[in-house]
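**Q** My structure is stored as data34.cif, with mmCIF, C-alpha atoms and all ligand atoms.
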```
data_data
loop_
_atom_site.group_PDB
_atom_site.id
_atom_site.type_symbol
_atom_site.label_atom_id
_atom_site.label_comp_id
_atom_site.auth_asym_id
_atom_site.auth_seq_id
_atom_site.Cartn_x
_atom_site.Cartn_y
_atom_site.Cartn_z
ATOM 1 C CA MET U 1 38.745 35.803 7.438
ATOM 2 C CA GLN U 2 40.224 38.153 4.856
ATOM 3 C CA ASN U 3 37.966 37.341 1.880
ATOM 4 C CA GLY U 4 34.503 38.465 3.124
ATOM 5 C CA ASP U 5 31.104 36.786 2.524
ATOM 6 C CA GLU U 6 30.546 37.504 -1.147
ATOM 7 C CA GLY U 7 32.660 34.670 -2.364
ATOM 8 C CA GLY U 8 35.529 36.953 -3.261
ATOM 9 C CA ASN U 9 38.914 35.354 -3.145
ATOM 10 C CA GLY U 10 41.007 38.431 -2.655
ATOM 11 C CA THR U 11 42.097 38.559 -6.291
ATOM 12 C CA GLY U 12 39.289 40.905 -7.497
ATOM 13 C CA ARG U 13 37.617 38.053 -9.385
ATOM 14 C CA SER U 14 34.241 36.666 -8.136
ATOM 15 C CA THR U 15 33.807 33.010 -7.387
ATOM 16 C CA ALA U 16 30.552 31.022 -7.382
ATOM 17 C CA VAL U 17 29.428 28.973 -4.364
ATOM 18 C CA ILE U 18 28.168 25.424 -4.991
ATOM 19 C CA THR U 19 25.101 24.961 -2.802
ATOM 20 C CA ARG U 20 24.093 21.388 -3.756
ATOM 21 C CA SER U 21 25.976 18.891 -5.872
ATOM 22 C CA LYS U 22 24.132 15.689 -4.942
ATOM 23 C CA THR U 23 20.690 14.852 -6.389
ATOM 24 C CA LYS U 24 18.093 14.286 -3.637
ATOM 25 C CA THR U 25 16.260 10.973 -3.924
ATOM 26 C CA LYS U 26 13.074 10.429 -1.906
ATOM 27 C CA ARG U 27 11.738 7.017 -0.947
ATOM 28 C CA PRO U 28 8.008 6.719 -1.763
ATOM 29 C CA SER U 29 5.495 6.556 1.106
ATOM 30 C CA LEU U 30 4.033 3.093 1.655
ATOM 31 C CA TYR U 31 0.411 2.125 2.274
ATOM 32 C CA ARG U 32 -1.147 -0.947 3.887
ATOM 33 C CA VAL U 33 -4.077 -2.521 2.057
ATOM 34 C CA LEU U 34 -6.535 -3.982 4.577
ATOM 35 C CA ILE U 35 -9.675 -6.089 4.283
ATOM 36 C CA LEU U 36 -12.485 -5.834 6.804
ATOM 37 C CA ASN U 37 -14.650 -8.577 8.247
ATOM 38 C CA ASP U 38 -18.395 -8.747 7.620
ATOM 39 C CA ASP U 39 -21.069 -11.358 8.342
ATOM 40 C CA TYR U 40 -22.014 -12.214 4.736
ATOM 41 C CA THR U 41 -19.036 -12.542 2.394
ATOM 42 C CA PRO U 42 -18.229 -16.271 2.025
ATOM 43 C CA MET U 43 -14.860 -17.358 3.403
ATOM 44 C CA GLU U 44 -13.994 -19.004 0.073
ATOM 45 C CA PHE U 45 -14.589 -15.724 -1.786
ATOM 46 C CA VAL U 46 -12.152 -13.866 0.505
ATOM 47 C CA VAL U 47 -9.521 -16.585 -0.009
ATOM 48 C CA HIS U 48 -10.017 -16.244 -3.774
ATOM 49 C CA VAL U 49 -9.594 -12.443 -3.570
ATOM 50 C CA LEU U 50 -6.327 -12.828 -1.669
ATOM 51 C CA GLU U 51 -5.003 -15.331 -4.233
ATOM 52 C CA ARG U 52 -6.137 -13.344 -7.257
ATOM 53 C CA PHE U 53 -5.229 -9.751 -6.320
ATOM 54 C CA PHE U 54 -2.513 -10.196 -3.699
ATOM 55 C CA GLN U 55 -0.576 -13.211 -5.082
ATOM 56 C CA LYS U 56 -1.052 -15.269 -1.905
ATOM 57 C CA ASP U 57 -0.911 -19.069 -2.047
ATOM 58 C CA ARG U 58 -3.921 -20.929 -0.630
ATOM 59 C CA GLU U 59 -2.296 -21.440 2.763
ATOM 60 C CA ALA U 60 -1.357 -17.755 3.242
ATOM 61 C CA ALA U 61 -4.724 -16.607 1.887
ATOM 62 C CA THR U 62 -6.601 -18.891 4.289
ATOM 63 C CA ARG U 63 -4.492 -17.685 7.243
ATOM 64 C CA ILE U 64 -5.195 -14.002 6.415
ATOM 65 C CA MET U 65 -8.922 -14.655 5.856
ATOM 66 C CA LEU U 66 -9.237 -16.436 9.223
ATOM 67 C CA HIS U 67 -7.301 -13.626 10.930
ATOM 68 C CA VAL U 68 -9.779 -11.088 9.507
ATOM 69 C CA HIS U 69 -12.737 -13.321 10.432
ATOM 70 C CA ASN U 70 -11.481 -13.548 14.049
ATOM 71 C CA HIS U 71 -10.022 -10.052 14.563
ATOM 72 C CA GLY U 72 -12.088 -7.820 12.259
ATOM 73 C CA VAL U 73 -9.308 -6.504 10.011
ATOM 74 C CA GLY U 74 -6.151 -7.818 8.363
ATOM 75 C CA GLU U 75 -3.302 -6.844 6.066
ATOM 76 C CA CYS U 76 -3.265 -8.017 2.439
ATOM 77 C CA GLY U 77 -0.014 -6.278 1.480
ATOM 78 C CA ILE U 78 2.039 -3.057 1.510
ATOM 79 C CA TYR U 79 2.390 -0.983 -1.657
ATOM 80 C CA THR U 80 3.144 2.465 -3.027
ATOM 81 C CA TYR U 81 0.129 4.807 -3.250
ATOM 82 C CA GLU U 82 -0.939 4.099 -6.831
ATOM 83 C CA VAL U 83 -0.550 0.326 -6.544
ATOM 84 C CA ALA U 84 -2.479 0.272 -3.238
ATOM 85 C CA GLU U 85 -5.238 2.418 -4.772
ATOM 86 C CA THR U 86 -5.507 0.022 -7.719
ATOM 87 C CA LYS U 87 -5.729 -3.057 -5.440
ATOM 88 C CA VAL U 88 -8.516 -1.431 -3.381
ATOM 89 C CA SER U 89 -10.491 -0.600 -6.549
ATOM 90 C CA GLN U 90 -10.027 -4.084 -7.993
ATOM 91 C CA VAL U 91 -11.221 -5.772 -4.784
ATOM 92 C CA MET U 92 -14.190 -3.407 -4.309
ATOM 93 C CA ASP U 93 -15.267 -3.816 -7.967
ATOM 94 C CA PHE U 94 -14.926 -7.617 -7.816
ATOM 95 C CA ALA U 95 -16.872 -7.844 -4.518
ATOM 96 C CA ARG U 96 -19.631 -5.621 -5.900
ATOM 97 C CA GLN U 97 -19.870 -7.632 -9.146
ATOM 98 C CA ASN U 98 -20.419 -10.722 -7.006
ATOM 99 C CA GLN U 99 -22.841 -8.927 -4.678
ATOM 100 C CA HIS U 100 -20.716 -9.358 -1.553
ATOM 101 C CA PRO U 101 -20.319 -6.556 1.022
ATOM 102 C CA LEU U 102 -16.546 -7.138 1.409
ATOM 103 C CA GLN U 103 -14.722 -3.884 2.198
ATOM 104 C CA CYS U 104 -11.104 -3.096 1.326
ATOM 105 C CA VAL U 105 -9.266 0.051 2.456
ATOM 106 C CA MET U 106 -5.767 1.539 2.459
ATOM 107 C CA GLU U 107 -3.921 3.383 5.229
ATOM 108 C CA LYS U 108 -0.596 5.195 5.298
ATOM 109 C CA LYS U 109 2.057 3.128 7.081
HETATM 110 N N1 LIG I 201 -17.039 -13.476 8.438
HETATM 111 C C1 LIG I 201 -17.282 -14.073 7.126
HETATM 112 C C2 LIG I 201 -18.139 -15.329 7.301
HETATM 113 O O1 LIG I 201 -18.264 -15.837 8.395
HETATM 114 C C3 LIG I 201 -15.971 -14.432 6.417
HETATM 115 C C4 LIG I 201 -15.146 -13.234 6.095
HETATM 116 C C5 LIG I 201 -13.769 -13.245 6.329
HETATM 117 C C6 LIG I 201 -15.708 -12.094 5.502
HETATM 118 C C7 LIG I 201 -12.980 -12.152 6.010
HETATM 119 C C8 LIG I 201 -14.921 -10.975 5.172
HETATM 120 O O2 LIG I 201 -12.780 -9.953 5.093
HETATM 121 C C9 LIG I 201 -13.561 -11.021 5.434
HETATM 122 N N2 LIG I 201 -18.673 -15.834 6.194
#
```
Can you give me the file's structure in the form of structure tokens?
Ligand code: TYC

**A**
Amino acid sequence: MQNGDEGGNGTGRSTAVITRSKTKTKRPSLYRVLILNDDYTPMEFVVHVLERFFQKDREAATRIMLHVHNHGVGECGIYTYEVAETKVSQVMDFARQNQHPLQCVMEKK
């Protein structure tokens, strides 16, 4: 190497070094929204929650509700942080308004 490390080009004129020319894009982290089983929330209320806040049709909502009833926990959907947070709040507020103990949580995927 005859030009050294300072970016000189052997002509006595300095040259700049481009360190990054491509913009870095980052994919957002995703979060699962889960509902938990309990002994008191009516099955029909859980189906309604899944239809209203998670855009499930009656068949999908019923399948998820029964999965939670039988296994203790189930996935309602996968969203970016702020959307997941909003869904959890909406479900918890709606359950509380109707005096049901239904619990909804989010977890990082
Ligand atoms: N286990 C409840 C019952 O027997 C039904 C239920 C299902 C409750 C899912 C909560 O997330 C839940 N009435």

**Q** Contacts between ligand LIG 201 (chain I) and chain U, please, where a residue of chain U counts if it comes within 12 Å (with all atoms listed in the file); show its shortest atom pair and distance in Å to one decimal, rows by chain and ascending number, as CSV.

**A**
```
residue,atom,partner,partner_atom,distance
U:Val33,CA,I:LIG201,O2,11.8
U:Leu34,CA,I:LIG201,O2,8.7
U:Ile35,CA,I:LIG201,O2,5.0
U:Leu36,CA,I:LIG201,O2,4.5
U:Asn37,CA,I:LIG201,C9,3.9
U:Asp38,CA,I:LIG201,C6,4.8
U:Asp39,CA,I:LIG201,N1,4.6
U:Tyr40,CA,I:LIG201,N2,5.1
U:Thr41,CA,I:LIG201,C6,4.6
U:Pro42,CA,I:LIG201,N2,4.2
U:Met43,CA,I:LIG201,C3,4.3
U:Glu44,CA,I:LIG201,C3,8.1
U:Phe45,CA,I:LIG201,C6,8.2
U:Val46,CA,I:LIG201,C7,5.8
U:Val47,CA,I:LIG201,C7,8.2
U:His48,CA,I:LIG201,C7,11.0
U:Val49,CA,I:LIG201,O2,9.6
U:Leu50,CA,I:LIG201,O2,9.8
U:Ala61,CA,I:LIG201,C7,10.2
U:Thr62,CA,I:LIG201,C5,9.3
U:Arg63,CA,I:LIG201,C7,10.2
U:Ile64,CA,I:LIG201,C7,8.0
U:Met65,CA,I:LIG201,C7,4.8
U:Leu66,CA,I:LIG201,C5,6.3
U:His67,CA,I:LIG201,C7,7.7
U:Val68,CA,I:LIG201,C7,4.9
U:His69,CA,I:LIG201,C5,4.2
U:Asn70,CA,I:LIG201,N1,7.9
U:His71,CA,I:LIG201,C7,9.3
U:Gly72,CA,I:LIG201,O2,7.5
U:Val73,CA,I:LIG201,O2,6.9
U:Gly74,CA,I:LIG201,O2,7.7
U:Glu75,CA,I:LIG201,O2,10.0
U:Cys76,CA,I:LIG201,O2,10.1
U:Val91,CA,I:LIG201,O2,10.8
U:Met92,CA,I:LIG201,O2,11.5
U:Ala95,CA,I:LIG201,C8,10.4
U:His100,CA,I:LIG201,C8,9.0
U:Pro101,CA,I:LIG201,C8,8.1
U:Leu102,CA,I:LIG201,C8,5.6
U:Gln103,CA,I:LIG201,O2,7.0
U:Cys104,CA,I:LIG201,O2,8.0
U:Val105,CA,I:LIG201,O2,10.9
```

**Q** Find the distance between atom CA of Gln97 of chain U and atom CA of Leu30 of chain U and write it in Å to one decimal.

**A**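 Atom CA of Leu30 of chain U lies at a distance of 28.3 Å from atom CA of Gln97 of chain U.
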
**Q** Using all atoms listed in the file, which of the listed residues (U:Val17, U:Arg52, U:Glu107, U:Glu59) sits closest to Tyr81 of chain U?

**A** U:Glu107

**Q** Let me know the centre plus edge lengths, in Å and rounded to one decimal, of a box with edges along x, y and z that contains all listed atoms of segment 90-98 of chain U and is padded by 5 Å on every side, as AutoDock Vina command-line options.

**A**
```
--center_x -15.2 --center_y -7.1 --center_z -6.7 --size_x 20.4 --size_y 17.3 --size_z 14.8
```

**Q** Rank nothing, just name the residue among U:Val88, U:Lys109, U:Asp93, U:Thr80 nearest to Arg27 of chain U, using only C-alpha atoms.

**A** U:Thr80

**Q** Measuring atom to atom with all atoms listed in the file, identify which of U:Gln99, U:Ala60, U:Phe53, U:Glu82 is nearest to Ser29 of chain U.

**A**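 Smallest distance to Ser29 of chain U is found for U:Glu82.
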